[in-house]
Each structure stands twice: as structure tokens, then as C-alpha cells.
$ cat protein_37.txt   # compact mmCIF, C-alpha atoms
# COMPACT_ATOMS: atom_id res chain seq x y z
CA MET S 1 26.13 -44.55 5.60
CA ILE S 2 26.25 -46.13 2.11
CA PRO S 3 29.38 -48.25 2.97
CA PHE S 4 27.54 -49.46 6.08
CA PHE S 5 24.57 -50.68 4.02
CA ARG S 6 26.91 -52.17 1.44
CA LYS S 7 28.72 -54.24 4.09
CA ILE S 8 25.44 -55.59 5.44
CA ARG S 9 24.24 -56.39 1.93
CA TYR S 10 27.51 -58.20 1.10
CA ASN S 11 27.37 -60.32 4.28
CA LEU S 12 23.77 -61.29 3.60
CA SER S 13 24.52 -62.21 0.02
CA LYS S 14 27.18 -64.80 0.94
CA ASP S 15 25.70 -66.28 4.13
CA ASN S 16 24.25 -69.76 4.00
CA GLN S 17 24.69 -70.18 0.24
CA PRO S 18 25.09 -73.78 -1.09
CA ASP S 19 27.95 -74.50 -3.44
CA SER S 20 25.83 -74.97 -6.55
CA SER S 21 24.76 -73.09 -9.67
CA ALA S 22 21.38 -72.27 -8.14
CA GLY S 23 23.06 -71.08 -4.98
CA ARG S 24 25.50 -68.90 -6.89
CA PHE S 25 22.61 -67.43 -8.94
CA LEU S 26 20.70 -66.62 -5.78
CA GLN S 27 23.83 -65.10 -4.30
CA TYR S 28 24.37 -62.89 -7.37
CA SER S 29 20.69 -61.96 -7.40
CA ARG S 30 20.90 -60.82 -3.81
CA TYR S 31 24.03 -58.88 -4.63
CA ALA S 32 22.40 -57.15 -7.61
CA PHE S 33 19.23 -56.41 -5.66
CA GLY S 34 21.34 -54.99 -2.86
CA GLU S 35 23.13 -52.71 -5.35
CA ILE S 36 19.79 -51.45 -6.65
CA VAL S 37 18.58 -50.79 -3.12
CA LEU S 38 21.77 -48.90 -2.34
CA VAL S 39 21.41 -46.77 -5.49
CA VAL S 40 17.79 -45.98 -4.64
CA ILE S 41 18.70 -45.06 -1.07
CA GLY S 42 21.49 -42.83 -2.35
CA ILE S 43 19.15 -41.09 -4.79
CA LEU S 44 16.52 -40.55 -2.09
CA ILE S 45 19.09 -39.09 0.29
CA ALA S 46 20.46 -36.81 -2.43
CA LEU S 47 16.93 -35.64 -3.32
CA GLN S 48 16.16 -34.98 0.31
CA ILE S 49 19.32 -32.90 0.74
CA ASN S 50 18.59 -31.02 -2.48
CA ASN S 51 15.00 -30.31 -1.39
CA TRP S 52 16.23 -29.12 1.98
CA ASN S 53 18.70 -26.75 0.31
CA GLU S 54 16.02 -25.46 -2.06
CA ASP S 55 13.64 -24.88 0.88
CA ARG S 56 16.34 -22.89 2.66
CA LYS S 57 16.95 -20.75 -0.44
CA GLU S 58 13.23 -20.18 -0.93
CA ARG S 59 12.77 -19.31 2.72
CA ARG S 60 15.52 -16.69 2.53
CA ILE S 61 13.79 -15.13 -0.48
CA GLU S 62 10.44 -15.23 1.33
CA VAL S 63 11.93 -13.54 4.40
CA ARG S 64 13.40 -10.78 2.23
CA TYR S 65 10.01 -10.18 0.62
CA LEU S 66 8.24 -10.18 3.98
CA GLU S 67 10.70 -7.68 5.45
CA ASN S 68 10.28 -5.39 2.44
CA LEU S 69 6.50 -5.72 2.58
CA ARG S 70 6.52 -4.82 6.27
CA ALA S 71 8.61 -1.69 5.53
CA ASP S 72 6.25 -0.66 2.69
CA LEU S 73 3.19 -1.15 4.88
CA LYS S 74 4.62 0.90 7.73
CA ASN S 75 5.35 3.76 5.31
CA ASP S 76 1.82 3.48 3.91
CA SER S 77 0.41 3.62 7.41
CA LEU S 78 2.26 6.86 8.17
CA ALA S 79 1.18 8.39 4.86
CA LEU S 80 -2.44 7.41 5.45
CA LEU S 81 -2.46 8.94 8.92
CA GLU S 82 -1.17 12.20 7.46
CA ILE S 83 -3.66 12.35 4.61
CA ARG S 84 -6.46 11.27 6.94
CA ALA S 85 -5.74 14.33 9.10
CA HIS S 86 -5.88 16.47 5.95
CA ARG S 87 -9.25 15.02 4.97
CA VAL S 88 -10.65 15.65 8.45
CA ASN S 89 -9.48 19.25 8.16
CA THR S 90 -11.04 19.50 4.70
CA ALA S 91 -14.42 18.28 5.97
CA GLN S 92 -14.34 20.74 8.88
CA ALA S 93 -13.34 23.65 6.60
CA ALA S 94 -16.12 22.79 4.14
CA LYS S 95 -18.69 22.74 6.93
CA THR S 96 -17.56 26.14 8.21
CA LEU S 97 -17.50 27.68 4.72
CA LEU S 98 -21.04 26.44 4.04
CA GLU S 99 -22.19 27.99 7.31
CA ILE S 100 -20.68 31.35 6.26
CA ALA S 101 -22.37 31.06 2.85
CA ASN S 102 -25.72 30.49 4.57
CA LEU S 103 -25.27 33.73 6.53
CA GLY S 104 -25.22 35.66 3.27
CA ARG S 105 -22.39 37.95 4.35
CA ILE S 106 -18.65 37.83 4.98
CA ASP S 107 -17.35 39.29 8.24
CA ASP S 108 -13.77 38.05 7.86
CA VAL S 109 -12.50 37.65 4.30
CA TYR S 110 -9.17 36.30 5.57
CA GLN S 111 -11.04 33.43 7.22
CA VAL S 112 -12.95 32.70 4.02
CA ASP S 113 -9.74 32.69 1.96
CA SER S 114 -8.06 30.41 4.49
CA LEU S 115 -11.01 28.01 4.45
CA TYR S 116 -10.96 27.84 0.67
CA TRP S 117 -7.30 26.88 0.60
CA ALA S 118 -7.82 24.34 3.38
CA ILE S 119 -10.39 22.71 1.10
CA GLY S 120 -8.74 23.36 -2.25
CA ILE S 121 -5.21 22.05 -1.70
CA TRP S 122 -5.17 18.59 -3.24
CA TRP S 123 -3.67 15.61 -1.47
CA GLU S 124 -3.87 12.02 -2.58
CA PHE S 125 -2.75 8.67 -1.24
CA ILE S 126 -0.44 6.68 -3.49
CA PRO S 127 0.46 3.34 -1.90
CA ASN S 128 4.09 2.27 -1.72
CA ASP S 129 3.47 -1.14 -3.29
CA ASN S 130 6.78 -1.76 -5.07
CA THR S 131 7.40 -5.06 -3.27
CA PHE S 132 3.87 -6.32 -3.92
CA GLN S 133 4.10 -5.39 -7.61
CA GLU S 134 7.44 -7.21 -7.81
CA LEU S 135 5.83 -10.31 -6.30
CA ILE S 136 3.05 -10.18 -8.90
CA SER S 137 5.20 -9.39 -11.95
CA SER S 138 7.80 -12.03 -11.08
CA GLY S 139 5.21 -14.71 -10.34
CA ASN S 140 6.64 -15.10 -6.84
CA LEU S 141 3.45 -14.48 -4.88
CA ASN S 142 3.21 -18.20 -4.12
CA ILE S 143 6.58 -18.00 -2.38
CA ILE S 144 4.63 -16.44 0.52
CA ARG S 145 3.52 -19.53 2.41
CA ASP S 146 0.99 -18.00 4.77
CA GLU S 147 -2.37 -17.90 2.94
CA LYS S 148 -3.70 -15.19 5.27
CA ILE S 149 -0.84 -12.89 4.27
CA LYS S 150 -1.46 -13.47 0.56
CA LYS S 151 -5.20 -12.86 0.89
CA SER S 152 -4.59 -9.68 2.91
CA LEU S 153 -2.13 -8.39 0.30
CA LEU S 154 -4.62 -8.97 -2.50
CA LYS S 155 -7.39 -7.28 -0.50
CA LEU S 156 -5.22 -4.22 0.16
CA SER S 157 -4.39 -4.02 -3.53
CA LYS S 158 -8.08 -4.09 -4.41
CA ASP S 159 -8.82 -1.40 -1.80
CA SER S 160 -6.05 0.80 -3.22
CA GLU S 161 -7.55 0.48 -6.69
CA GLN S 162 -10.95 1.56 -5.35
CA ILE S 163 -9.39 4.51 -3.53
CA ALA S 164 -7.76 5.57 -6.81
CA VAL S 165 -11.13 5.42 -8.59
CA ASP S 166 -12.80 7.50 -5.85
CA ARG S 167 -9.89 9.93 -5.82
CA ASP S 168 -10.00 10.49 -9.59
CA HIS S 169 -13.75 11.09 -9.46
CA MET S 170 -13.28 13.57 -6.61
CA ARG S 171 -10.49 15.35 -8.49
CA ARG S 172 -12.78 15.95 -11.49
CA GLU S 173 -15.32 17.54 -9.15
CA TYR S 174 -12.59 19.75 -7.68
CA ASP S 175 -11.54 20.95 -11.11
CA GLN S 176 -15.06 21.68 -12.33
CA TYR S 177 -16.83 22.89 -9.19
CA LEU S 178 -14.06 24.50 -7.12
CA TYR S 179 -11.00 25.49 -9.15
CA ASP S 180 -12.79 26.69 -12.27
CA GLN S 181 -15.29 28.76 -10.26
CA MET S 182 -12.57 30.20 -8.02
CA VAL S 183 -10.25 31.38 -10.79
CA SER S 184 -13.13 32.93 -12.71
CA THR S 185 -14.31 34.97 -9.70
CA VAL S 186 -11.48 35.77 -7.24
CA SER S 187 -8.11 37.33 -8.08
CA PHE S 188 -5.30 35.21 -6.68
CA LEU S 189 -2.85 38.09 -6.74
CA LYS S 190 -5.07 40.08 -4.40
CA SER S 191 -4.95 37.37 -1.77
CA LYS S 192 -1.36 36.18 -2.28
CA ASP S 193 1.92 38.03 -2.08
CA PRO S 194 3.83 37.50 -5.38
CA ASP S 195 7.12 38.53 -3.73
CA GLN S 196 6.96 35.51 -1.42
CA PHE S 197 6.85 33.11 -4.33
CA ASN S 198 10.54 33.55 -5.05
CA ASP S 199 11.58 33.16 -1.41
CA GLN S 200 9.40 30.31 -0.24
CA TRP S 201 7.00 28.93 -2.80
CA GLU S 202 4.98 26.92 -0.25
CA SER S 203 3.78 30.09 1.50
CA TRP S 204 2.30 31.39 -1.73
CA PHE S 205 -0.48 28.81 -1.54
CA TYR S 206 -1.72 29.94 1.87
CA SER S 207 -3.54 33.06 2.98
CA ASN S 208 -1.52 36.19 3.71
CA ARG S 209 -3.29 38.37 6.24
CA GLY S 210 -1.36 41.51 5.31
CA VAL S 211 -2.03 41.22 1.57
CA ILE S 212 -5.71 40.41 2.14
CA SER S 213 -6.07 43.38 4.50
CA LYS S 214 -4.83 45.70 1.75
CA ASN S 215 -7.43 44.32 -0.67
CA LYS S 216 -10.15 43.60 1.87
CA GLU S 217 -13.01 45.54 0.25
CA GLU S 218 -12.60 44.12 -3.26
CA LEU S 219 -11.83 40.60 -2.09
CA THR S 220 -14.94 40.62 0.11
CA LYS S 221 -17.09 41.44 -2.93
CA GLU S 222 -15.42 38.72 -5.00
CA TYR S 223 -15.81 36.07 -2.31
CA GLU S 224 -19.44 37.05 -1.68
CA LYS S 225 -20.06 36.53 -5.39
CA LEU S 226 -18.29 33.16 -5.20
CA LEU S 227 -20.33 32.03 -2.18
CA ASN S 228 -23.51 32.90 -4.07
CA ASN S 229 -22.44 30.62 -6.91
CA PRO S 230 -24.47 27.39 -6.58
CA ILE S 231 -21.90 25.40 -8.57
CA PHE S 232 -19.13 26.42 -6.17
CA ILE S 233 -21.28 25.77 -3.09
CA ASN S 234 -22.18 22.32 -4.39
CA GLY S 235 -18.48 21.71 -4.95
CA VAL S 236 -17.71 22.66 -1.35
CA ALA S 237 -20.45 20.33 -0.09
CA LEU S 238 -19.14 17.49 -2.25
CA ALA S 239 -15.58 18.08 -1.10
CA GLY S 240 -16.69 17.88 2.54
CA GLY S 241 -18.86 14.81 2.04
CA ASN S 242 -16.25 12.98 -0.01
CA SER S 243 -13.62 13.75 2.61
CA VAL S 244 -15.79 12.23 5.34
CA TYR S 245 -16.23 9.14 3.17
CA LEU S 246 -12.48 8.88 2.49
CA VAL S 247 -11.73 9.15 6.21
CA SER S 248 -13.88 6.06 6.80
CA VAL S 249 -12.09 4.25 3.97
CA TYR S 250 -8.67 5.21 5.33
CA ASP S 251 -9.66 3.98 8.80
CA ARG S 252 -10.59 0.59 7.38
CA VAL S 253 -7.39 0.36 5.35
CA LEU S 254 -5.28 1.40 8.35
CA CYS S 255 -6.86 -1.40 10.36
CA ASP S 256 -6.16 -3.91 7.58
CA ILE S 257 -2.54 -2.73 7.33
CA SER S 258 -2.05 -3.10 11.08
CA GLU S 259 -3.42 -6.66 11.01
CA LEU S 260 -1.23 -7.55 8.02
CA ILE S 261 1.89 -6.19 9.71
CA ASP S 262 1.09 -8.37 12.74
CA LEU S 263 0.74 -11.43 10.47
CA ILE S 264 4.06 -10.72 8.79
CA GLU S 265 5.91 -10.16 12.06
CA THR S 266 4.50 -13.43 13.42
CA GLU S 267 5.71 -15.24 10.30
CA LEU S 268 9.15 -13.65 10.55
CA GLN S 269 9.47 -14.72 14.16

$ encode --input "protein_37.txt" --output "C-alpha cells"
Amino acid sequence: MIPFFRKIRYNLSKDNQPDSSAGRFLQYSRYAFGEIVLVVIGILIALQINNWNEDRKERRIEVRYLENLRADLKNDSLALLEIRAHRVNTAQAAKTLLEIANLGRIDDVYQVDSLYWAIGIWWEFIPNDNTFQELISSGNLNIIRDEKIKKSLLKLSKDSEQIAVDRDHMRREYDQYLYDQMVSTVSFLKSKDPDQFNDQWESWFYSNRGVISKNKEELTKEYEKLLNNPIFINGVALAGGNSVYLVSVYDRVLCDISELIDLIETELQ
């Protein structure tokens, strides 16, 4: 393309030029001006090609980030659904245990023990935000061109921080109102089978009907004492109420994640 422009410029510079000093000056001026124009055109073309190459490189990086973000969000969605189910179960168990406490007697100590462990086992949601943190730490967040995606990512990050604050507050209540009261009142070894701990440690944290049956009379007395403890009962009520609240938070976050995944997939398409 440059030789083409150069040929045109050369023809124009020598056409219709008088054989005089002024004519030769004008001819050389046109020639020089034409050279400048050609240099400028060459620079502009080179810059355009360079910008195009840089855009392609940046787009490849953006696509990689978007694909990784989509994978992280899908994993978070699955984790949230699982922990949401746990929180629903916790709220239901707390409600049932409070109803038993209001009766003032225990008819089935195995049920009470099972309800306690349904409430007491601690689960927490930890977002898989490695890709987002990499975007922030590397200063590459602006490489994401879609403003809606960036705003949604920042909103999810803020929601995760709030969930962590709520979770930590709830965990302190568990420690003080549930765990401390439980271990000071009920013997774990009378409701759990120590022999199972070596074979399958997970089973040790759940009720064992056979072991409880052997210690039914004493465990019933201990649990009746526990259910008459206002600190423990308040802890159960707080665990149930906080679980209901967290379920509503998880539902909102799940909705936001679903919308963000849709935005990312549209951008990738």
C-alpha cells in the first residue's frame, strides 16, 4: 500500500512543473510533503495493527478470567445449596427441640440427642473467590469490559463479607450458649460409641441408638437438666432464628450468582 501512495505522490510532484527555480522548489516541497504524509500513514497503520494485536491479547486474558469466574461461581452455587439445606434442617431441629423443652419431659432421649447434633454441627460457607481475588490483587479488574459483570462481582464480594460477619457472630453464640452448656451437663461418652471413632470418625458425631439405649436413664436426666437451662434454650432459639435468616441470605446470593453466570455466558458467546 505504501509503494502505491508513493507512486501517486511522485507523479503529482512532477506533473505540470515549469522549468524554473520556483517550479523546482514547489516540486521538491510537494515531494517532501508527500514523504511526510507517507510516514504519517505508515505510523497510523502500524499503530492500528499494534492496537488490534493488543486488543486480541487482552481479550484472550479476559476470556480466561471469565471462564474461571464462571467455574468458581458454579462451585459456590453448589456449596450454597448444600449449606442452605443444612440451615433449613437446623431451623427445623431447633423448633422441634424447643417444643420438647416446653413439654417439660423427655419421652425419647435418642430423638433429643439427634436434634442437638443436627443443630450443633457447624457448617459455614467459604466462597471460592480465587479468580476474583486475583483480579483485584493484579489490578486487572478493568480488563472485564462488561460493567454489569464488574458491579455484580463487587456486590457478591460485599455480600460474602457480610455473611462472614454474621457467621462469626453466630459461631460465638454457638460456643457460649450451646457447646459450653452441653459439655458441662451431658456426657458425650454416654451418647457416643468410642469404639466407632477408630473405624469411622464421622459416625462418632451422630447419635448411636444402641449406646443411648444402654444409658437411657442417666442421659434422660442430663438432657432434662440441659433443657431446663435458660442459656442453652436461648442458644437453641438463636441458632434456629439465625439459620432462618441465613437461608434468606443464601437465597438472595444464589439468585445473584445465577444472574452473574448468565451475564458471563452471554459475554463469552

$ residues_around --input "protein_37.txt" --residues "region 158-163 of chain S" --least-positions-apart "6" --cutoff "10 Å" --atoms "all atoms listed in the file" --output "ChimeraX atom specification"
/S:124-127,129,152,169,246,249-250,252-253

$ write_last_selection --input "protein_37.txt" --atoms "C-alpha atoms" --output "PDB file, in the frame of the given file"
ATOM      1  CA  GLU S 124      -3.870  12.020  -2.580  1.00  0.00           C
ATOM      2  CA  PHE S 125      -2.750   8.670  -1.240  1.00  0.00           C
ATOM      3  CA  ILE S 126      -0.440   6.680  -3.490  1.00  0.00           C
ATOM      4  CA  PRO S 127       0.460   3.340  -1.900  1.00  0.00           C
ATOM      5  CA  ASP S 129       3.470  -1.140  -3.290  1.00  0.00           C
ATOM      6  CA  SER S 152      -4.590  -9.680   2.910  1.00  0.00           C
ATOM      7  CA  HIS S 169     -13.750  11.090  -9.460  1.00  0.00           C
ATOM      8  CA  LEU S 246     -12.480   8.880   2.490  1.00  0.00           C
ATOM      9  CA  VAL S 249     -12.090   4.250   3.970  1.00  0.00           C
ATOM     10  CA  TYR S 250      -8.670   5.210   5.330  1.00  0.00           C
ATOM     11  CA  ARG S 252     -10.590   0.590   7.380  1.00  0.00           C
ATOM     12  CA  VAL S 253      -7.390   0.360   5.350  1.00  0.00           C
TER      13      VAL S 253
END

$ atom_distance --input "protein_37.txt" --atom1 "CA of Arg145 (chain S)" --atom2 "CA of Thr131 (chain S)"
16.0 Å

$ residues_near_point --input "protein_37.txt" --point "(4.8, -0.4, 1.1)" --cutoff "12 Å" --atoms "all atoms listed in the file" --output "VMD selection string"
chain S and resid 65 to 80 126 to 134 153 156 to 157 160 257 260 to 261

$ residues_around --input "protein_37.txt" --residues "Ser207 (chain S)" --least-positions-apart "3" --cutoff "10 Å" --atoms "all atoms listed in the file" --output "PyMOL selection string"
chain S and resi 110-118+191-193+203-204+210-212

$ closest_residue --input "protein_37.txt" --among "S:Ile106, S:Ile41, S:Cys255, S:Leu81" --to "Glu217 (chain S)" --atoms "only C-alpha atoms"
S:Ile106

$ closest_residue --input "protein_37.txt" --among "S:Leu268, S:Ile136, S:Leu227, S:Leu254" --to "Ile100 (chain S)" --atoms "all atoms listed in the file"
S:Leu227

$ residues_around --input "protein_37.txt" --residues "region 87-97 of chain S" --least-positions-apart "5" --cutoff "7 Å" --atoms "only C-alpha atoms" --output "PDB file with C-alpha atoms, in the frame of the given file"
ATOM      1  CA  VAL S 112     -12.950  32.700   4.020  1.00  0.00           C
ATOM      2  CA  LEU S 115     -11.010  28.010   4.450  1.00  0.00           C
ATOM      3  CA  ALA S 118      -7.820  24.340   3.380  1.00  0.00           C
ATOM      4  CA  ILE S 119     -10.390  22.710   1.100  1.00  0.00           C
ATOM      5  CA  VAL S 236     -17.710  22.660  -1.350  1.00  0.00           C
ATOM      6  CA  ALA S 237     -20.450  20.330  -0.090  1.00  0.00           C
ATOM      7  CA  GLY S 240     -16.690  17.880   2.540  1.00  0.00           C
ATOM      8  CA  GLY S 241     -18.860  14.810   2.040  1.00  0.00           C
ATOM      9  CA  SER S 243     -13.620  13.750   2.610  1.00  0.00           C
ATOM     10  CA  VAL S 244     -15.790  12.230   5.340  1.00  0.00           C
ATOM     11  CA  VAL S 247     -11.730   9.150   6.210  1.00  0.00           C
TER      12      VAL S 247
END

$ closest_residue --input "protein_37.txt" --among "S:Arg167, S:Lys214, S:Arg59, S:Arg64" --to "Asn242 (chain S)" --atoms "all atoms listed in the file"
S:Arg167

$ closest_residue --input "protein_37.txt" --among "S:Met170, S:Ile61, S:Val109, S:Leu263" --to "Leu135 (chain S)" --atoms "all atoms listed in the file"
S:Ile61

$ closest_residue --input "protein_37.txt" --among "S:Asp107, S:Glu62, S:Trp123, S:Glu259" --to "Ile143 (chain S)" --atoms "all atoms listed in the file"
S:Glu62
